[in-house]
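Below: my_file_7.cif (mmCIF, C-alpha atoms (C1' of nucleotides))
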```
data_my_file
#
loop_
_atom_site.label_atom_id
_atom_site.label_comp_id
_atom_site.auth_asym_id
_atom_site.auth_seq_id
_atom_site.Cartn_x
_atom_site.Cartn_y
_atom_site.Cartn_z
CA MET O 1 0.00 0.00 0.00
CA ALA O 2 1.96 2.95 -1.23
CA VAL O 3 0.90 6.19 0.35
CA ILE O 4 3.02 9.07 -0.84
CA HIS O 5 4.67 9.16 -4.22
CA GLN O 6 6.90 11.99 -5.27
CA THR O 7 9.53 10.39 -7.39
CA GLN O 8 10.98 11.39 -10.70
CA ILE O 9 8.90 8.93 -12.65
CA ARG O 10 5.61 10.54 -11.70
CA GLN O 11 6.75 13.79 -13.27
CA GLU O 12 8.04 11.93 -16.28
CA ILE O 13 4.62 10.32 -16.79
CA LEU O 14 2.89 13.67 -16.52
CA GLU O 15 5.25 15.38 -18.93
CA THR O 16 5.01 12.57 -21.42
CA THR O 17 1.23 12.67 -21.26
CA ARG O 18 1.25 16.41 -21.84
CA LYS O 19 3.59 16.05 -24.81
CA LEU O 20 1.48 13.30 -26.36
CA LEU O 21 -1.67 15.29 -25.74
CA VAL O 22 -0.34 18.44 -27.38
CA LYS O 23 1.35 16.58 -30.21
CA TYR O 24 -1.26 13.98 -31.13
CA GLY O 25 -4.50 14.94 -29.41
CA TYR O 26 -6.64 13.30 -26.80
CA ASN O 27 -7.68 10.32 -28.85
CA PHE O 28 -4.14 9.18 -29.50
CA ILE O 29 -3.28 8.85 -25.86
CA SER O 30 -3.31 5.37 -24.42
CA MET O 31 -1.80 4.13 -21.19
CA ARG O 32 0.52 1.85 -23.12
CA LYS O 33 1.81 4.67 -25.30
CA ILE O 34 2.36 6.85 -22.27
CA ALA O 35 4.24 4.06 -20.50
CA SER O 36 6.30 3.34 -23.56
CA ASN O 37 7.20 6.99 -24.10
CA ALA O 38 7.82 7.63 -20.43
CA GLY O 39 10.12 4.64 -20.23
CA CYS O 40 8.23 2.70 -17.64
CA ALA O 41 5.96 -0.30 -17.47
CA LEU O 42 2.26 -0.15 -18.05
CA GLY O 43 1.44 -1.00 -14.47
CA THR O 44 3.76 1.64 -13.09
CA ILE O 45 1.44 4.42 -14.17
CA TYR O 46 -1.25 2.97 -11.93
CA LEU O 47 1.01 3.34 -8.92
CA TYR O 48 0.81 7.09 -9.32
CA PHE O 49 -2.56 7.62 -10.94
CA ASP O 50 -5.65 5.63 -10.09
CA ASN O 51 -6.87 5.65 -13.66
CA LYS O 52 -6.55 7.35 -17.02
CA ASP O 53 -9.04 10.07 -16.22
CA ILE O 54 -7.18 11.17 -13.14
CA LEU O 55 -3.95 11.25 -15.10
CA ILE O 56 -5.50 13.42 -17.79
CA HIS O 57 -7.15 15.61 -15.20
CA SER O 58 -3.79 16.35 -13.67
CA LEU O 59 -3.06 18.29 -16.82
CA ILE O 60 -6.13 20.44 -16.47
CA ASP O 61 -4.40 22.51 -13.83
CA GLU O 62 -1.69 23.35 -16.31
CA GLY O 63 -4.30 24.47 -18.79
CA PHE O 64 -6.12 26.71 -16.36
CA GLU O 65 -2.82 28.15 -15.17
CA LYS O 66 -1.73 28.90 -18.74
CA MET O 67 -5.09 30.39 -19.62
CA TYR O 68 -5.35 32.51 -16.52
CA ASN O 69 -1.90 33.96 -17.06
CA MET O 70 -2.60 34.70 -20.70
CA LEU O 71 -5.83 36.48 -19.83
CA LEU O 72 -4.19 38.38 -17.00
CA ASP O 73 -1.25 39.46 -19.15
CA GLU O 74 -3.56 40.62 -21.90
CA THR O 75 -5.93 42.61 -19.73
CA ARG O 76 -3.07 44.26 -17.88
CA LYS O 77 -2.00 45.92 -21.09
CA TYR O 78 -5.01 48.18 -20.93
CA GLU O 79 -6.64 50.43 -18.38
CA GLN O 80 -9.98 51.31 -19.89
CA PRO O 81 -12.51 48.83 -18.44
CA ASP O 82 -14.44 48.32 -21.68
CA LYS O 83 -11.22 47.66 -23.53
CA ARG O 84 -10.09 45.26 -20.83
CA LEU O 85 -13.31 43.32 -21.13
CA GLU O 86 -13.01 43.21 -24.91
CA VAL O 87 -9.46 41.88 -24.97
CA LEU O 88 -10.42 39.40 -22.27
CA CYS O 89 -13.14 37.96 -24.50
CA LYS O 90 -10.93 37.86 -27.55
CA LYS O 91 -8.04 36.31 -25.70
CA TYR O 92 -10.30 33.63 -24.27
CA ILE O 93 -11.34 32.62 -27.76
CA SER O 94 -7.83 32.72 -29.15
CA PHE O 95 -6.60 30.58 -26.27
CA GLY O 96 -9.18 27.97 -27.16
CA LEU O 97 -8.16 28.01 -30.79
CA GLU O 98 -4.45 28.03 -30.03
CA TYR O 99 -4.49 25.25 -27.46
CA PRO O 100 -7.35 22.98 -28.51
CA GLU O 101 -5.91 20.02 -26.61
CA TYR O 102 -5.92 21.91 -23.36
CA TYR O 103 -9.30 23.42 -24.09
CA GLU O 104 -10.66 19.98 -24.74
CA ILE O 105 -9.60 18.48 -21.45
CA MET O 106 -10.53 21.67 -19.60
CA TYR O 107 -14.01 22.12 -20.98
CA LEU O 108 -15.03 19.46 -23.45
CA LEU O 109 -14.43 16.11 -21.85
CA HIS O 110 -17.59 14.10 -22.00
CA PRO O 111 -19.97 14.57 -19.11
CA GLU O 112 -19.82 10.91 -18.11
CA ARG O 113 -16.13 11.26 -17.43
CA MET O 114 -16.86 14.22 -15.28
CA LYS O 115 -18.15 12.00 -12.51
CA ARG O 116 -14.52 11.57 -11.73
CA TYR O 117 -13.76 15.24 -12.23
CA PRO O 118 -12.08 16.34 -9.03
CA LYS O 119 -13.67 19.27 -7.28
CA GLU O 120 -10.46 21.21 -6.85
CA LYS O 121 -10.26 21.51 -10.62
CA PHE O 122 -13.54 23.34 -10.59
CA ARG O 123 -12.16 25.68 -8.01
CA ARG O 124 -9.16 26.42 -10.18
CA ALA O 125 -11.43 27.05 -13.15
CA ARG O 126 -13.38 29.54 -11.12
CA ARG O 127 -10.42 31.87 -10.89
CA THR O 128 -10.96 32.80 -14.53
CA PHE O 129 -14.55 33.72 -13.80
CA ASP O 130 -13.48 35.83 -10.89
CA LEU O 131 -11.31 37.73 -13.33
CA VAL O 132 -14.25 38.27 -15.65
CA ALA O 133 -16.49 39.32 -12.77
CA GLU O 134 -13.79 41.68 -11.57
CA ILE O 135 -13.48 43.42 -14.89
CA LEU O 136 -17.26 43.47 -15.21
CA ASP O 137 -17.44 45.38 -11.96
CA GLU O 138 -14.87 47.80 -13.30
CA VAL O 139 -16.98 48.36 -16.37
CA ALA O 140 -20.07 48.94 -14.26
CA GLU O 141 -18.31 51.34 -11.96
CA ASN O 142 -16.86 53.19 -14.91
CA ARG O 143 -20.30 53.60 -16.41
CA GLY O 144 -21.80 54.47 -13.06
CA ILE O 145 -24.14 51.54 -13.09
CA LEU O 146 -24.90 49.00 -10.45
CA LEU O 147 -24.49 45.38 -11.44
CA LYS O 148 -26.86 43.07 -9.68
CA ASP O 149 -25.07 39.81 -10.20
CA SER O 150 -21.71 40.00 -11.89
CA THR O 151 -21.13 36.29 -11.32
CA LEU O 152 -24.22 35.32 -13.27
CA ILE O 153 -23.30 37.70 -16.06
CA SER O 154 -19.77 36.31 -16.07
CA TYR O 155 -21.09 32.85 -16.72
CA SER O 156 -23.48 34.26 -19.26
CA ILE O 157 -20.61 35.88 -21.12
CA TRP O 158 -18.66 32.68 -20.85
CA ALA O 159 -21.48 30.77 -22.52
CA SER O 160 -21.19 32.91 -25.63
CA LEU O 161 -17.43 32.71 -25.77
CA HIS O 162 -17.44 28.99 -25.09
CA GLY O 163 -19.98 28.55 -27.85
CA VAL O 164 -17.70 30.29 -30.30
CA VAL O 165 -14.70 28.17 -29.36
CA THR O 166 -16.54 24.86 -29.50
CA ILE O 167 -18.18 25.68 -32.81
CA LEU O 168 -14.85 26.59 -34.34
CA LEU O 169 -13.01 23.62 -32.84
CA ALA O 170 -15.72 21.27 -34.11
CA ARG O 171 -15.45 23.01 -37.48
CA ARG O 172 -19.16 23.64 -37.53
CA LEU O 173 -19.09 27.21 -38.84
CA ASP O 174 -20.63 27.67 -42.25
CA LYS O 175 -17.80 28.16 -44.69
CA ARG O 176 -19.58 31.15 -46.20
CA ILE O 177 -18.93 32.96 -42.95
CA ASP O 178 -15.55 34.41 -42.16
CA GLN O 179 -14.16 33.14 -38.89
CA ASN O 180 -12.94 36.53 -37.73
CA ASP O 181 -16.24 38.17 -38.61
CA PHE O 182 -17.94 35.51 -36.56
CA ILE O 183 -15.69 36.04 -33.56
CA ASP O 184 -15.98 39.83 -33.77
CA ASN O 185 -19.73 39.67 -34.07
CA VAL O 186 -20.18 37.52 -31.00
CA VAL O 187 -17.72 39.55 -28.97
CA GLN O 188 -19.37 42.83 -29.98
CA ARG O 189 -22.83 41.46 -29.24
CA THR O 190 -21.57 40.19 -25.93
CA LEU O 191 -19.99 43.48 -24.95
CA ARG O 192 -23.04 45.48 -26.02
CA SER O 193 -25.38 43.29 -24.01
CA VAL O 194 -23.40 43.32 -20.83
CA ILE O 195 -25.28 46.09 -19.21
CA MET N 196 -19.13 -6.47 -53.89
CA ALA N 197 -22.52 -5.41 -52.65
CA VAL N 198 -23.74 -2.21 -54.22
CA ILE N 199 -27.23 -1.37 -53.06
CA HIS N 200 -28.66 -2.45 -49.74
CA GLN N 201 -32.18 -1.70 -48.76
CA THR N 202 -33.26 -4.69 -46.76
CA GLN N 203 -35.08 -4.95 -43.49
CA ILE N 204 -31.98 -5.59 -41.48
CA ARG N 205 -30.47 -2.23 -42.31
CA GLN N 206 -33.44 -0.51 -40.74
CA GLU N 207 -33.30 -2.86 -37.79
CA ILE N 208 -29.68 -1.93 -37.18
CA LEU N 209 -30.47 1.76 -37.37
CA GLU N 210 -33.42 1.51 -35.02
CA THR N 211 -31.49 -0.58 -32.55
CA THR N 212 -28.66 1.91 -32.57
CA ARG N 213 -31.07 4.75 -31.94
CA LYS N 214 -32.69 2.91 -29.06
CA LEU N 215 -29.35 2.10 -27.47
CA LEU N 216 -28.20 5.67 -27.96
CA VAL N 217 -31.26 7.19 -26.34
CA LYS N 218 -31.42 4.61 -23.60
CA TYR N 219 -27.80 4.24 -22.61
CA GLY N 220 -25.88 7.08 -24.21
CA TYR N 221 -23.13 7.30 -26.76
CA ASN N 222 -20.46 5.60 -24.73
CA PHE N 223 -22.45 2.44 -24.18
CA ILE N 224 -22.84 1.73 -27.84
CA SER N 225 -20.55 -0.89 -29.29
CA MET N 226 -20.85 -2.70 -32.58
CA ARG N 227 -21.23 -6.01 -30.77
CA LYS N 228 -24.06 -4.72 -28.62
CA ILE N 229 -25.82 -3.31 -31.64
CA ALA N 230 -25.45 -6.61 -33.50
CA SER N 231 -26.66 -8.56 -30.52
CA ASN N 232 -29.69 -6.34 -29.99
CA ALA N 233 -30.50 -6.13 -33.67
CA GLY N 234 -30.34 -9.90 -33.97
CA CYS N 235 -27.59 -10.10 -36.53
CA ALA N 236 -23.93 -10.97 -36.62
CA LEU N 237 -21.18 -8.49 -35.91
CA GLY N 238 -19.94 -8.52 -39.47
CA THR N 239 -23.38 -7.92 -40.91
CA ILE N 240 -23.37 -4.34 -39.72
CA TYR N 241 -20.34 -3.68 -41.87
CA LEU N 242 -22.26 -4.74 -44.95
CA TYR N 243 -24.51 -1.73 -44.51
CA PHE N 244 -22.28 0.76 -42.75
CA ASP N 245 -18.62 1.22 -43.54
CA ASN N 246 -17.78 1.92 -39.92
CA LYS N 247 -19.18 2.93 -36.57
CA ASP N 248 -18.99 6.64 -37.27
CA ILE N 249 -21.06 6.39 -40.41
CA LEU N 250 -23.63 4.31 -38.55
CA ILE N 251 -23.90 6.90 -35.81
CA HIS N 252 -23.98 9.71 -38.33
CA SER N 253 -27.01 8.15 -39.93
CA LEU N 254 -28.87 9.10 -36.80
CA ILE N 255 -27.91 12.73 -37.06
CA ASP N 256 -30.60 13.29 -39.67
CA GLU N 257 -33.20 12.11 -37.20
CA GLY N 258 -31.92 14.58 -34.65
CA PHE N 259 -32.00 17.53 -37.01
CA GLU N 260 -35.45 16.55 -38.19
CA LYS N 261 -36.74 16.30 -34.64
CA MET N 262 -35.15 19.59 -33.66
CA TYR N 263 -36.34 21.47 -36.70
CA ASN N 264 -39.91 20.32 -36.17
CA MET N 265 -39.84 21.23 -32.50
CA LEU N 266 -38.53 24.70 -33.27
CA LEU N 267 -41.02 25.17 -36.06
CA ASP N 268 -43.97 24.04 -33.93
CA GLU N 269 -42.95 26.32 -31.11
CA THR N 270 -42.43 29.44 -33.20
CA ARG N 271 -45.69 28.89 -35.04
CA LYS N 272 -47.54 29.38 -31.80
CA TYR N 273 -46.72 33.06 -31.86
CA GLU N 274 -46.94 35.89 -34.32
CA GLN N 275 -44.99 38.67 -32.75
CA PRO N 276 -41.46 38.47 -34.23
CA ASP N 277 -39.65 39.25 -30.99
CA LYS N 278 -41.65 36.61 -29.19
CA ARG N 279 -40.98 34.13 -31.96
CA LEU N 280 -37.26 34.73 -31.67
CA GLU N 281 -37.40 34.35 -27.92
CA VAL N 282 -39.22 31.02 -27.93
CA LEU N 283 -36.91 29.83 -30.68
CA CYS N 284 -33.90 30.45 -28.46
CA LYS N 285 -35.49 28.85 -25.44
CA LYS N 286 -36.69 25.85 -27.36
CA TYR N 287 -33.26 25.30 -28.84
CA ILE N 288 -31.78 25.11 -25.37
CA SER N 289 -34.52 22.85 -24.04
CA PHE N 290 -34.09 20.51 -26.99
CA GLY N 291 -30.42 20.17 -26.13
CA LEU N 292 -31.19 19.44 -22.51
CA GLU N 293 -34.04 17.08 -23.30
CA TYR N 294 -32.25 15.06 -25.96
CA PRO N 295 -28.60 15.14 -24.94
CA GLU N 296 -27.83 11.98 -26.91
CA TYR N 297 -29.02 13.55 -30.12
CA TYR N 298 -27.42 16.86 -29.30
CA GLU N 299 -24.15 15.09 -28.72
CA ILE N 300 -24.01 13.36 -32.05
CA MET N 301 -25.36 16.43 -33.81
CA TYR N 302 -22.99 18.99 -32.38
CA LEU N 303 -20.49 17.56 -29.96
CA LEU N 304 -18.78 14.64 -31.62
CA HIS N 305 -15.08 15.16 -31.45
CA PRO N 306 -13.57 17.13 -34.28
CA GLU N 307 -11.32 14.25 -35.33
CA ARG N 308 -14.37 12.18 -36.08
CA MET N 309 -15.71 14.98 -38.19
CA LYS N 310 -13.30 14.20 -40.97
CA ARG N 311 -15.79 11.52 -41.79
CA TYR N 312 -18.76 13.84 -41.25
CA PRO N 313 -20.78 13.65 -44.46
CA LYS N 314 -21.47 16.96 -46.15
CA GLU N 315 -25.17 16.38 -46.58
CA LYS N 316 -25.51 16.37 -42.80
CA PHE N 317 -24.20 19.92 -42.76
CA ARG N 318 -26.80 20.87 -45.30
CA ARG N 319 -29.53 19.45 -43.15
CA ALA N 320 -28.21 21.31 -40.13
CA ARG N 321 -28.34 24.54 -42.08
CA ARG N 322 -32.11 24.40 -42.27
CA THR N 323 -32.28 25.38 -38.61
CA PHE N 324 -30.16 28.41 -39.28
CA ASP N 325 -32.35 29.41 -42.14
CA LEU N 326 -35.22 29.39 -39.68
CA VAL N 327 -33.30 31.63 -37.31
CA ALA N 328 -32.32 33.96 -40.11
CA GLU N 329 -35.91 34.06 -41.29
CA ILE N 330 -37.22 35.08 -37.92
CA LEU N 331 -34.39 37.54 -37.55
CA ASP N 332 -35.52 39.22 -40.75
CA GLU N 333 -39.04 39.36 -39.39
CA VAL N 334 -37.78 41.06 -36.26
CA ALA N 335 -35.81 43.55 -38.32
CA GLU N 336 -38.73 44.32 -40.57
CA ASN N 337 -41.01 44.70 -37.60
CA ARG N 338 -38.67 47.20 -36.05
CA GLY N 339 -38.11 48.92 -39.37
CA ILE N 340 -34.41 48.21 -39.36
CA LEU N 341 -32.21 46.85 -42.09
CA LEU N 342 -30.17 43.78 -41.18
CA LYS N 343 -26.89 43.60 -43.01
CA ASP N 344 -26.12 39.95 -42.57
CA SER N 345 -28.78 37.87 -40.90
CA THR N 346 -26.82 34.67 -41.59
CA LEU N 347 -23.83 35.89 -39.65
CA ILE N 348 -26.05 37.04 -36.80
CA SER N 349 -27.83 33.70 -36.85
CA TYR N 350 -24.60 31.90 -36.27
CA SER N 351 -23.65 34.44 -33.69
CA ILE N 352 -26.87 33.77 -31.81
CA TRP N 353 -26.30 30.08 -32.18
CA ALA N 354 -22.90 30.40 -30.55
CA SER N 355 -24.46 31.75 -27.39
CA LEU N 356 -27.20 29.15 -27.28
CA HIS N 357 -24.80 26.35 -28.07
CA GLY N 358 -22.55 27.59 -25.31
CA VAL N 359 -25.40 27.36 -22.83
CA VAL N 360 -26.31 23.84 -23.86
CA THR N 361 -22.77 22.51 -23.79
CA ILE N 362 -22.01 24.10 -20.44
CA LEU N 363 -25.13 22.58 -18.93
CA LEU N 364 -24.63 19.18 -20.53
CA ALA N 365 -21.05 19.10 -19.30
CA ARG N 366 -22.33 20.18 -15.87
CA ARG N 367 -19.92 23.04 -15.77
CA LEU N 368 -22.25 25.67 -14.37
CA ASP N 369 -21.34 26.93 -10.94
CA LYS N 370 -23.79 25.39 -8.52
CA ARG N 371 -24.35 28.78 -6.89
CA ILE N 372 -26.04 29.83 -10.11
CA ASP N 373 -29.58 28.77 -10.88
CA GLN N 374 -29.86 26.99 -14.20
CA ASN N 375 -32.98 28.83 -15.27
CA ASP N 376 -31.52 32.19 -14.32
CA PHE N 377 -28.52 31.30 -16.42
CA ILE N 378 -30.61 30.34 -19.42
CA ASP N 379 -32.83 33.40 -19.12
CA ASN N 380 -29.88 35.71 -18.75
CA VAL N 381 -28.17 34.43 -21.88
CA VAL N 382 -31.38 34.47 -23.89
CA GLN N 383 -32.25 37.99 -22.76
CA ARG N 384 -28.73 39.24 -23.48
CA THR N 385 -28.88 37.53 -26.84
CA LEU N 386 -32.22 39.05 -27.77
CA ARG N 387 -31.21 42.50 -26.62
CA SER N 388 -28.01 42.42 -28.62
CA VAL N 389 -29.55 41.25 -31.84
CA ILE N 390 -29.97 44.63 -33.34
"C1'" DA Y 391 22.83 -9.77 7.18
"C1'" DA Y 392 18.01 -10.53 7.48
"C1'" DT Y 393 13.70 -8.93 7.38
"C1'" DA Y 394 10.15 -5.70 6.11
"C1'" DA Y 395 8.25 -2.17 3.15
"C1'" DT Y 396 8.06 -0.16 -1.03
"C1'" DT Y 397 8.19 0.18 -6.02
"C1'" DA Y 398 8.25 -1.92 -10.68
"C1'" DT Y 399 6.79 -5.30 -13.91
"C1'" DG Y 400 4.06 -7.38 -17.68
"C1'" DA Y 401 0.93 -11.24 -18.45
"C1'" DA Y 402 -3.92 -11.78 -18.28
"C1'" DC Y 403 -8.92 -10.29 -18.40
"C1'" DG Y 404 -12.61 -8.62 -20.67
"C1'" DG Y 405 -13.64 -5.23 -23.55
"C1'" DT Y 406 -13.25 -2.33 -28.28
"C1'" DG Y 407 -13.56 -1.50 -33.94
"C1'" DT Y 408 -12.52 -3.74 -38.03
"C1'" DT Y 409 -11.27 -7.41 -41.50
"C1'" DC Y 410 -11.92 -11.50 -44.07
"C1'" DA Y 411 -12.19 -16.39 -45.39
"C1'" DT Y 412 -16.02 -19.18 -45.33
"C1'" DA Y 413 -20.86 -20.51 -45.30
"C1'" DA Y 414 -25.60 -19.75 -46.39
"C1'" DT Y 415 -28.85 -17.81 -49.24
"C1'" DT Y 416 -30.94 -15.85 -53.28
"C1'" DA Y 417 -31.06 -14.84 -58.32
"C1'" DT Y 418 -30.00 -16.03 -62.82
"C1'" DA Y 419 -29.10 -19.16 -66.80
"C1'" DA Y 420 -29.31 -23.45 -69.06
"C1'" DT V 421 -35.55 -27.94 -62.54
"C1'" DT V 422 -30.96 -28.03 -62.00
"C1'" DA V 423 -26.41 -25.69 -62.08
"C1'" DT V 424 -24.01 -21.77 -61.79
"C1'" DA V 425 -23.24 -17.10 -60.36
"C1'" DA V 426 -24.04 -13.19 -57.34
"C1'" DT V 427 -25.24 -11.63 -53.13
"C1'" DT V 428 -25.68 -11.61 -48.14
"C1'" DA V 429 -24.53 -13.42 -43.51
"C1'" DT V 430 -21.33 -15.19 -40.26
"C1'" DG V 431 -18.01 -15.16 -36.38
"C1'" DA V 432 -13.16 -16.18 -35.58
"C1'" DA V 433 -9.01 -13.52 -35.70
"C1'" DC V 434 -6.26 -9.20 -35.37
"C1'" DA V 435 -4.57 -5.42 -33.07
"C1'" DC V 436 -5.75 -2.35 -29.97
"C1'" DC V 437 -7.80 -0.52 -25.32
"C1'" DG V 438 -8.07 0.35 -19.63
"C1'" DT V 439 -7.35 -2.09 -15.64
"C1'" DT V 440 -5.88 -5.71 -12.23
"C1'" DC V 441 -2.71 -8.48 -9.79
"C1'" DA V 442 0.67 -12.07 -8.64
"C1'" DT V 443 5.38 -11.78 -8.87
"C1'" DA V 444 9.99 -9.72 -9.04
"C1'" DA V 445 13.22 -6.13 -8.02
"C1'" DT V 446 14.58 -2.63 -5.17
"C1'" DT V 447 15.11 0.15 -1.07
"C1'" DA V 448 14.68 0.92 4.08
"C1'" DT V 449 14.74 -0.75 8.59
"C1'" DT V 450 16.03 -3.59 12.15
#
```

Would you mind writing the file's structure down as structure tokens?
Amino acid sequence: MAVIHQTQIRQEILETTRKLLVKYGYNFISMRKIASNAGCALGTIYLYFDNKDILIHSLIDEGFEKMYNMLLDETRKYEQPDKRLEVLCKKYISFGLEYPEYYEIMYLLHPERMKRYPKEKFRRARRTFDLVAEILDEVAENRGILLKDSTLISYSIWASLHGVVTILLARRLDKRIDQNDFIDNVVQRTLRSVI
Amino acid sequence: MAVIHQTQIRQEILETTRKLLVKYGYNFISMRKIASNAGCALGTIYLYFDNKDILIHSLIDEGFEKMYNMLLDETRKYEQPDKRLEVLCKKYISFGLEYPEYYEIMYLLHPERMKRYPKEKFRRARRTFDLVAEILDEVAENRGILLKDSTLISYSIWASLHGVVTILLARRLDKRIDQNDFIDNVVQRTLRSVI
DNA sequence: AATAATTATGAACGGTGTTCATAATTATAA
DNA sequence: TTATAATTATGAACACCGTTCATAATTATT
């Protein structure tokens, strides 16, 4: 009964999984391929991760960290609240398009798998929403308006942005429509409808 | 080299697949289970469907048909353009929540699988957008405004609605937020931002 | 040095989608 | 009606999958 693991091989497994995920996509990843690439036996992985889901989920933190930093960096470039909200929206979408593998494990894993989705991952995801809510409050204050529920509106904004990303990742946008026009339109509609 | 198949068993396979899909969800479906339930041999399925994806895709038409009719029925209940647009949005979301299995194969199948996604399915999906665009034009006319690109706006609206559905299906909504409040908020924001 | 605890292994289990040689059936030709 | 050809049905076999577990190798403790 092993209790605490913190050896080199655990990190190696994680890094290998991340590399395979980014390089080949979620569907390519199998426990055998990870073991093979990480230079360990198949069973060894199960000493450090209870199952495949938990292993994959360990990468979600990385994704949220990367995303949060990208959004923070981008919004810090500007001071005007409306502008900050705009670049936040656009950066969210471009993150999704730039790192589809991360976006997939962060937001698109099938619901059934989510039974195993650890709660602390949700907490980490929430940090992004706090950022949105924060900037929303700035916008409201700047316009001299009182926002009833910035959290609800944050999630509401997220829905639109998430819709854009998933539609584009699933290649479901009508080819007659320009991708950038589509993104701009949703973002503009979103911004206009905020308050 | 079989060329044309139109026997009873093909329909039986399709119906069995649909039943298994609705009853147990996408992940439960395997070719063996379908064969077993349809009362044929494993290999028989491959006489009528090149592979699993194509078999599943055959059900997509059903989904789009069902959805289109639901949306049409709902919007026909009203005459006022704004109201028609509102119930359209709400019905779209409730369809997604009510028939997650269909919604999944219609809109959420992983992008990699979409390489095999037949083009005629896209065409069928477009009918829904034409309905949205149609109602959008009504709204514009009613308000005496000229809409530049109702197709683009249709897809833009879709993004928001699709975002709502996927977030709810993936159970990613913060539990502090009421589901109906969330839906209403997005729909209201969407309607307000249309023009 | 001997024992105990930990860590690593890979064969085995029951599943998956897909292929294909073979068998059964149906349609056509003599 | 019989013989041949074309079609349709079969399920074993292949190469994969996630997971388990008895066993082996290694490390720590006594």

Worksheet item: What is the CA of Leu72 (chain O)-CA of Asn185 (chain O) distance in Å, reported with one decimal?
Response: 23.1 Å

Discussion item. Evaluated on this file, the PyMOL selection byres ((chain N and resi 256) around 10) picks out some residues - which ones are they, written as a list in words?
Written reply: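 Matching residues under the PyMOL selection byres ((chain N and resi 256) around 10) are His252, Ser253, Leu254, Ile255, Glu257, Gly258, Phe259, Glu260, Lys261, Met262, Tyr297, Met301, Glu315, Lys316, Phe317, Arg319 and Ala320 of chain N.
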
Would you output that residue set with C-alpha atoms, as a PDB file, keeping the file's coordinate frame?
```pdb
ATOM      1  CA  HIS N 252     -23.980   9.710 -38.330  1.00  0.00           C
ATOM      2  CA  SER N 253     -27.010   8.150 -39.930  1.00  0.00           C
ATOM      3  CA  LEU N 254     -28.870   9.100 -36.800  1.00  0.00           C
ATOM      4  CA  ILE N 255     -27.910  12.730 -37.060  1.00  0.00           C
ATOM      5  CA  GLU N 257     -33.200  12.110 -37.200  1.00  0.00           C
ATOM      6  CA  GLY N 258     -31.920  14.580 -34.650  1.00  0.00           C
ATOM      7  CA  PHE N 259     -32.000  17.530 -37.010  1.00  0.00           C
ATOM      8  CA  GLU N 260     -35.450  16.550 -38.190  1.00  0.00           C
ATOM      9  CA  LYS N 261     -36.740  16.300 -34.640  1.00  0.00           C
ATOM     10  CA  MET N 262     -35.150  19.590 -33.660  1.00  0.00           C
ATOM     11  CA  TYR N 297     -29.020  13.550 -30.120  1.00  0.00           C
ATOM     12  CA  MET N 301     -25.360  16.430 -33.810  1.00  0.00           C
ATOM     13  CA  GLU N 315     -25.170  16.380 -46.580  1.00  0.00           C
ATOM     14  CA  LYS N 316     -25.510  16.370 -42.800  1.00  0.00           C
ATOM     15  CA  PHE N 317     -24.200  19.920 -42.760  1.00  0.00           C
ATOM     16  CA  ARG N 319     -29.530  19.450 -43.150  1.00  0.00           C
ATOM     17  CA  ALA N 320     -28.210  21.310 -40.130  1.00  0.00           C
TER      18      ALA N 320
END
```

Worksheet item: What do you get, as a list in words, if you spell out every residue that the PyMOL selection byres ((chain O) within 7 of (chain N)) selects here?
Response: His110, Pro111, Leu152, Ser156, Ala159, Ser160, His162, Gly163, Val164, Leu169, Ala170, Arg171, Ile177, Phe182, Asn185, Val186, Arg189, Arg192 and Ser193 of chain O

Discussion item. Can you tell me which residues surround DT397 (chain Y) at a distance of at most 9 Å, considering all atoms listed in the file, apart from same-chain residues fewer than 4 positions away, and format the answer as a PyMOL selection string?
Written reply: (chain O and resi 2+44+47) or (chain V and resi 445-447)

Could you write those residues out with C-alpha atoms (C1' of nucleotides), as a PDB file, in the coordinates of the input?
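Below is the file that was written, again-v8.pdb:
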```pdb
ATOM      1  CA  ALA O   2       1.960   2.950  -1.230  1.00  0.00           C
ATOM      2  CA  THR O  44       3.760   1.640 -13.090  1.00  0.00           C
ATOM      3  CA  LEU O  47       1.010   3.340  -8.920  1.00  0.00           C
TER       4      LEU O  47
ATOM      5  C1'  DA V 445      13.220  -6.130  -8.020  1.00  0.00           C
ATOM      6  C1'  DT V 446      14.580  -2.630  -5.170  1.00  0.00           C
ATOM      7  C1'  DT V 447      15.110   0.150  -1.070  1.00  0.00           C
TER       8       DT V 447
END
```

Item to complete: Would you mind listing what lies within 10 Å of region 430-444 of chain V as a ChimeraX atom specification, with all atoms listed in the file counted and same-chain residues fewer than 2 positions away left out?
Response: /O:30-32,43,46,50-52 /N:235-239 /Y:398-414 /V:428,446

Worksheet item: Could you pull the residues within 8 Å of Val139 (chain O), counting only C-alpha atoms (C1' of nucleotides), minus those fewer than 6 positions along the same chain, as a list in words?
Response: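 Contacts, in chain order: Pro81, Asp82 and Leu85 of chain O.
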
Practice prompt. Quick one: pull the distance between CA of Gln206 (chain N) and CA of Tyr243 (chain N), Å, one decimal.
Written response: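 Computing the Euclidean distance for CA of Gln206 (chain N) and CA of Tyr243 (chain N) yields 9.8 Å.
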
Discussion item. Under the rule that all atoms listed in the file are counted, which of N:Arg338, N:Tyr298, N:Val327, N:Ala230 is the nearest residue to chain V?
Written reply: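 With all atoms listed in the file as the atom set, the closest residue is N:Ala230.
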
Worksheet entry | Pairwise distance for CA of Leu266 (chain N) and CA of Leu283 (chain N), rounded to one decimal in Å |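 Answer for the CA of Leu266 (chain N) to CA of Leu283 (chain N) separation: 6.0 Å.
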